[in-house]
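Below is one structure, written out as structure tokens; the observations come after it.
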Amino acid sequence: MKTKGMQKAALRRKYRTRKKIFGTPDRPRLSVFRSNRHIYAQIIDDTVGVTLASASTKLKALNGQIPQTGNKKAAEVVGETIAKQALGVGIKCVCFDKNRFKFQGRVETLAKAARKAGLDF
């Protein structure tokens with residue numbers, strides 16, 4: 001029973017966040033998802049429903065750089081990677097979608113690394 005309530009609360013938080021954020025071609029949405037083992041980020045244009053760039057700790061290109069995939073250092077590497085991909089596609093400005101997660105820890109680290117690498121929020 002307790003886990004069902006937690007899942008419902010997580011969905012409510014997600015919907016509350018998503019109703020305010022919408023990715024356009026000029027300013028796509030940077031969506032973040034984290035699990036206990038990995039962190040994922042993707043840049044989405046919601047008008048067409050297309051993912052323009054994505055990065056995660058599961059990428060084979062990042063295997064040598066990340067000894068552990070569920071910590072802040074891994075989130076920092078993913079943030080830098082998503083920013084480089086976005087700049088390569090021609091995206092400089094995004095709106096940040098933290099999904100249902102608090103803006104702290106790995107989510108905050110990913111956002112700071114993306115800002116530092118050149119993305120504007």
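Residues in the structure tokens are named by chain (A, B, ... in the order shown) and by number from 1 within that chain; ligands are numbered from 1 in the order shown.
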Residue contacts of Arg100 in chain A (10 Å, only C-alpha atoms) excluding same-chain residues fewer than 5 positions away, as a list of chain:residue names
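Once the adjacent positions are removed, what remains is A:Ala9, A:Ala10, A:Leu11, A:Arg12, A:Arg13, A:Lys14, A:Tyr15, A:Arg16, A:Thr17, A:Arg18, A:Val32, A:Phe33, A:Arg34.
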With N, CA, C and O atoms retained, export the selected residues as a tab-separated table (two decimals), in the first residue's frame.
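Below is the file result33.tsv, written as the result:
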```tsv
chain	number	residue	atom	x	y	z
A	9	ALA	N	2.07	9.92	-5.67
A	9	ALA	CA	2.64	11.22	-5.32
A	9	ALA	C	3.71	11.63	-6.33
A	9	ALA	O	3.79	12.79	-6.73
A	10	ALA	N	4.51	10.67	-6.77
A	10	ALA	CA	5.55	10.96	-7.77
A	10	ALA	C	4.91	11.40	-9.08
A	10	ALA	O	5.39	12.33	-9.74
A	11	LEU	N	3.84	10.74	-9.49
A	11	LEU	CA	3.14	11.13	-10.71
A	11	LEU	C	2.53	12.52	-10.59
A	11	LEU	O	2.57	13.31	-11.54
A	12	ARG	N	1.98	12.84	-9.43
A	12	ARG	CA	1.42	14.18	-9.22
A	12	ARG	C	2.51	15.24	-9.34
A	12	ARG	O	2.30	16.29	-9.95
A	13	ARG	N	3.68	14.96	-8.75
A	13	ARG	CA	4.79	15.91	-8.85
A	13	ARG	C	5.22	16.08	-10.30
A	13	ARG	O	5.49	17.18	-10.76
A	14	LYS	N	5.27	14.96	-11.04
A	14	LYS	CA	5.68	15.01	-12.45
A	14	LYS	C	4.69	15.83	-13.27
A	14	LYS	O	5.08	16.69	-14.05
A	15	TYR	N	3.40	15.60	-13.10
A	15	TYR	CA	2.39	16.34	-13.86
A	15	TYR	C	2.40	17.82	-13.49
A	15	TYR	O	2.21	18.68	-14.34
A	16	ARG	N	2.60	18.11	-12.21
A	16	ARG	CA	2.65	19.51	-11.77
A	16	ARG	C	3.81	20.23	-12.43
A	16	ARG	O	3.68	21.39	-12.84
A	17	THR	N	4.94	19.56	-12.57
A	17	THR	CA	6.10	20.16	-13.22
A	17	THR	C	5.88	20.30	-14.72
A	17	THR	O	6.17	21.33	-15.30
A	18	ARG	N	5.33	19.26	-15.34
A	18	ARG	CA	5.20	19.24	-16.80
A	18	ARG	C	4.13	20.18	-17.34
A	18	ARG	O	4.20	20.59	-18.48
A	32	VAL	N	15.31	15.42	-17.45
A	32	VAL	CA	16.25	14.60	-16.68
A	32	VAL	C	15.50	13.49	-15.97
A	32	VAL	O	14.42	13.70	-15.42
A	33	PHE	N	16.07	12.29	-16.02
A	33	PHE	CA	15.54	11.16	-15.26
A	33	PHE	C	16.70	10.51	-14.54
A	33	PHE	O	17.78	10.34	-15.11
A	34	ARG	N	16.48	10.16	-13.29
A	34	ARG	CA	17.54	9.46	-12.56
A	34	ARG	C	16.96	8.22	-11.90
A	34	ARG	O	15.82	8.21	-11.44
```
Polymer residues at most 12 Å from range 65-67 of chain A, only C-alpha atoms, same-chain spacing of 3 or more positions, as a list in words:
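With the cut-off at 12 Å, the set is Arg37, His38, Ile39, Ser56, Thr57, Lys58, Leu59, Lys60, Ala61, Leu62, Gly70, Asn71, Lys72, Lys73, Ala74, Ala75, Glu76, Val77, Val78 and Thr81 of chain A.
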To one decimal place, how far is CA of Ala114 in chain A from CA of Lys84 in chain A in Å?
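Atom-to-atom, CA of Ala114 in chain A and CA of Lys84 in chain A are spaced 8.4 Å apart.
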In chain A, what's helix (DSSP H, G or I) per DSSP? Answer as a VMD selection string?
chain A and resid 2 to 18 60 to 62 72 to 89 106 to 116
Store the residues picked out above in a file with N, CA and C atoms, as a short mmCIF file (atom, residue, chain, number, x, y, z; two decimals), in the first residue's frame.
```cif
data_model
loop_
_atom_site.label_atom_id
_atom_site.label_comp_id
_atom_site.auth_asym_id
_atom_site.auth_seq_id
_atom_site.Cartn_x
_atom_site.Cartn_y
_atom_site.Cartn_z
N LYS A 2 1.94 1.25 0.75
CA LYS A 2 2.75 2.45 0.86
C LYS A 2 3.40 2.81 -0.48
N THR A 3 3.85 1.80 -1.23
CA THR A 3 4.51 2.10 -2.50
C THR A 3 3.54 2.65 -3.53
N LYS A 4 2.28 2.19 -3.51
CA LYS A 4 1.29 2.75 -4.44
C LYS A 4 1.06 4.23 -4.16
N GLY A 5 1.00 4.60 -2.90
CA GLY A 5 0.84 6.00 -2.54
C GLY A 5 2.03 6.83 -2.96
N MET A 6 3.22 6.26 -2.83
CA MET A 6 4.43 6.97 -3.24
C MET A 6 4.46 7.15 -4.76
N GLN A 7 4.02 6.13 -5.49
CA GLN A 7 3.98 6.24 -6.95
C GLN A 7 2.99 7.31 -7.40
N LYS A 8 1.84 7.36 -6.74
CA LYS A 8 0.85 8.38 -7.07
C LYS A 8 1.39 9.77 -6.79
N ALA A 9 2.07 9.92 -5.67
CA ALA A 9 2.64 11.22 -5.32
C ALA A 9 3.71 11.63 -6.33
N ALA A 10 4.51 10.67 -6.77
CA ALA A 10 5.55 10.96 -7.77
C ALA A 10 4.91 11.40 -9.08
N LEU A 11 3.84 10.74 -9.49
CA LEU A 11 3.14 11.13 -10.71
C LEU A 11 2.53 12.52 -10.59
N ARG A 12 1.98 12.84 -9.43
CA ARG A 12 1.42 14.18 -9.22
C ARG A 12 2.51 15.24 -9.34
N ARG A 13 3.68 14.96 -8.75
CA ARG A 13 4.79 15.91 -8.85
C ARG A 13 5.22 16.08 -10.30
N LYS A 14 5.27 14.96 -11.04
CA LYS A 14 5.68 15.01 -12.45
C LYS A 14 4.69 15.83 -13.27
N TYR A 15 3.40 15.60 -13.10
CA TYR A 15 2.39 16.34 -13.86
C TYR A 15 2.40 17.82 -13.49
N ARG A 16 2.60 18.11 -12.21
CA ARG A 16 2.65 19.51 -11.77
C ARG A 16 3.81 20.23 -12.43
N THR A 17 4.94 19.56 -12.57
CA THR A 17 6.10 20.16 -13.22
C THR A 17 5.88 20.30 -14.72
N ARG A 18 5.33 19.26 -15.34
CA ARG A 18 5.20 19.24 -16.80
C ARG A 18 4.13 20.18 -17.34
N LYS A 60 28.30 4.00 -24.31
CA LYS A 60 29.59 3.30 -24.35
C LYS A 60 30.76 4.28 -24.42
N ALA A 61 30.53 5.45 -24.99
CA ALA A 61 31.58 6.45 -25.10
C ALA A 61 32.00 6.99 -23.72
N LEU A 62 31.10 6.91 -22.75
CA LEU A 62 31.39 7.43 -21.41
C LEU A 62 31.89 6.36 -20.45
N LYS A 72 27.40 11.89 -8.30
CA LYS A 72 27.42 13.25 -8.84
C LYS A 72 28.44 13.42 -9.95
N LYS A 73 29.55 12.72 -9.85
CA LYS A 73 30.57 12.84 -10.89
C LYS A 73 30.03 12.34 -12.23
N ALA A 74 29.28 11.26 -12.20
CA ALA A 74 28.67 10.73 -13.42
C ALA A 74 27.64 11.72 -13.96
N ALA A 75 26.87 12.35 -13.08
CA ALA A 75 25.88 13.34 -13.50
C ALA A 75 26.56 14.54 -14.15
N GLU A 76 27.71 14.92 -13.63
CA GLU A 76 28.46 16.04 -14.20
C GLU A 76 28.93 15.72 -15.61
N VAL A 77 29.42 14.51 -15.82
CA VAL A 77 29.88 14.09 -17.15
C VAL A 77 28.70 14.05 -18.13
N VAL A 78 27.55 13.57 -17.69
CA VAL A 78 26.37 13.51 -18.55
C VAL A 78 25.90 14.93 -18.89
N GLY A 79 25.96 15.85 -17.94
CA GLY A 79 25.58 17.24 -18.19
C GLY A 79 26.47 17.90 -19.24
N GLU A 80 27.77 17.65 -19.14
CA GLU A 80 28.70 18.19 -20.13
C GLU A 80 28.45 17.58 -21.50
N THR A 81 28.18 16.28 -21.53
CA THR A 81 27.94 15.58 -22.80
C THR A 81 26.68 16.08 -23.48
N ILE A 82 25.60 16.26 -22.73
CA ILE A 82 24.35 16.72 -23.33
C ILE A 82 24.50 18.15 -23.84
N ALA A 83 25.27 18.98 -23.13
CA ALA A 83 25.49 20.35 -23.58
C ALA A 83 26.30 20.38 -24.88
N LYS A 84 27.32 19.54 -24.98
CA LYS A 84 28.12 19.48 -26.21
C LYS A 84 27.28 19.01 -27.39
N GLN A 85 26.43 18.01 -27.15
CA GLN A 85 25.55 17.53 -28.22
C GLN A 85 24.56 18.61 -28.64
N ALA A 86 24.02 19.34 -27.68
CA ALA A 86 23.04 20.38 -27.98
C ALA A 86 23.70 21.51 -28.78
N LEU A 87 24.87 21.91 -28.37
CA LEU A 87 25.57 22.96 -29.10
C LEU A 87 25.95 22.49 -30.50
N GLY A 88 26.25 21.21 -30.65
CA GLY A 88 26.54 20.65 -31.96
C GLY A 88 25.35 20.67 -32.89
N VAL A 89 24.15 20.51 -32.33
CA VAL A 89 22.91 20.53 -33.12
C VAL A 89 22.46 21.97 -33.38
N ARG A 106 22.23 14.94 -7.71
CA ARG A 106 22.64 14.61 -9.07
C ARG A 106 21.93 15.47 -10.11
N VAL A 107 20.67 15.80 -9.89
CA VAL A 107 19.93 16.62 -10.85
C VAL A 107 20.52 18.02 -10.91
N GLU A 108 20.84 18.59 -9.77
CA GLU A 108 21.44 19.92 -9.71
C GLU A 108 22.83 19.91 -10.32
N THR A 109 23.60 18.86 -10.07
CA THR A 109 24.95 18.75 -10.61
C THR A 109 24.91 18.67 -12.13
N LEU A 110 23.97 17.91 -12.67
CA LEU A 110 23.82 17.82 -14.12
C LEU A 110 23.49 19.18 -14.72
N ALA A 111 22.58 19.91 -14.08
CA ALA A 111 22.18 21.23 -14.58
C ALA A 111 23.36 22.21 -14.54
N LYS A 112 24.11 22.21 -13.45
CA LYS A 112 25.26 23.11 -13.34
C LYS A 112 26.32 22.79 -14.38
N ALA A 113 26.55 21.50 -14.63
CA ALA A 113 27.55 21.11 -15.64
C ALA A 113 27.10 21.51 -17.04
N ALA A 114 25.81 21.40 -17.33
CA ALA A 114 25.30 21.80 -18.63
C ALA A 114 25.41 23.31 -18.81
N ARG A 115 25.13 24.07 -17.76
CA ARG A 115 25.28 25.53 -17.82
C ARG A 115 26.74 25.90 -18.06
N LYS A 116 27.61 25.24 -17.33
CA LYS A 116 29.03 25.54 -17.44
C LYS A 116 29.57 25.23 -18.83
#
```
Top pick for closest residue to Lys92 in chain A, considering A:Asp120, A:Leu30, A:Gly49, A:Gln68 and counting only C-alpha atoms:
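Looking at the shortest contact to Lys92 in chain A, the residue is A:Asp120.
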Sorted per-residue table, range 64-113 of chain A near range 19-24 of chain A, closest atoms and distance, 8 Å, only C-alpha atoms, as CSV:
```
residue,atom,partner,partner_atom,distance
A:Val94,CA,A:Gly23,CA,7.8
A:Cys95,CA,A:Gly23,CA,7.0
A:Phe96,CA,A:Ile21,CA,8.0
A:Asp97,CA,A:Ile21,CA,6.9
```
Which value, in Å to one decimal, gives the distance between CA of Gly105 in chain A and CA of Asn36 in chain A?
12.3 Å
For Ile44 in chain A, find every residue with an atom within 8 Å (counting only C-alpha atoms), except residues of its own chain fewer than 3 positions away, and show them as a ChimeraX atom specification.
/A:23,28-31,49-53
If you run DSSP on the backbone here, which positions in chain A get strand (DSSP E or B)? Please write them as a ChimeraX atom specification.
/A:29-34,39-45,50-56,93,95-97,120
Take the selection from the previous step and output its residues with C-alpha atoms, as a CSV table (one decimal), in the first residue's frame.
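Output below, filename out_27.csv:
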```
chain,number,residue,atom,x,y,z
A,29,ARG,CA,13.0,21.0,-23.1
A,30,LEU,CA,15.9,19.4,-21.3
A,31,SER,CA,14.4,16.4,-19.4
A,32,VAL,CA,16.3,14.6,-16.7
A,33,PHE,CA,15.5,11.2,-15.3
A,34,ARG,CA,17.5,9.5,-12.6
A,39,ILE,CA,21.1,9.2,-14.9
A,40,TYR,CA,19.6,10.2,-18.3
A,41,ALA,CA,19.1,13.5,-20.0
A,42,GLN,CA,17.4,14.3,-23.3
A,43,ILE,CA,16.5,17.5,-25.2
A,44,ILE,CA,13.0,17.3,-26.6
A,45,ASP,CA,11.0,19.5,-29.0
A,50,VAL,CA,11.2,14.6,-31.3
A,51,THR,CA,14.3,14.0,-29.2
A,52,LEU,CA,17.0,16.2,-30.6
A,53,ALA,CA,19.9,15.0,-28.3
A,54,SER,CA,20.4,12.5,-25.5
A,55,ALA,CA,23.0,11.4,-23.1
A,56,SER,CA,23.2,8.9,-20.2
A,93,CYS,CA,18.8,27.8,-24.9
A,95,CYS,CA,14.0,25.0,-20.5
A,96,PHE,CA,14.9,22.6,-17.7
A,97,ASP,CA,12.5,19.8,-16.8
A,120,ASP,CA,21.4,28.7,-21.1
```
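Our summary of the geometry notes that CA of Thr47 in chain A is positioned 27.1 Å from CA of Ser35 in chain A.
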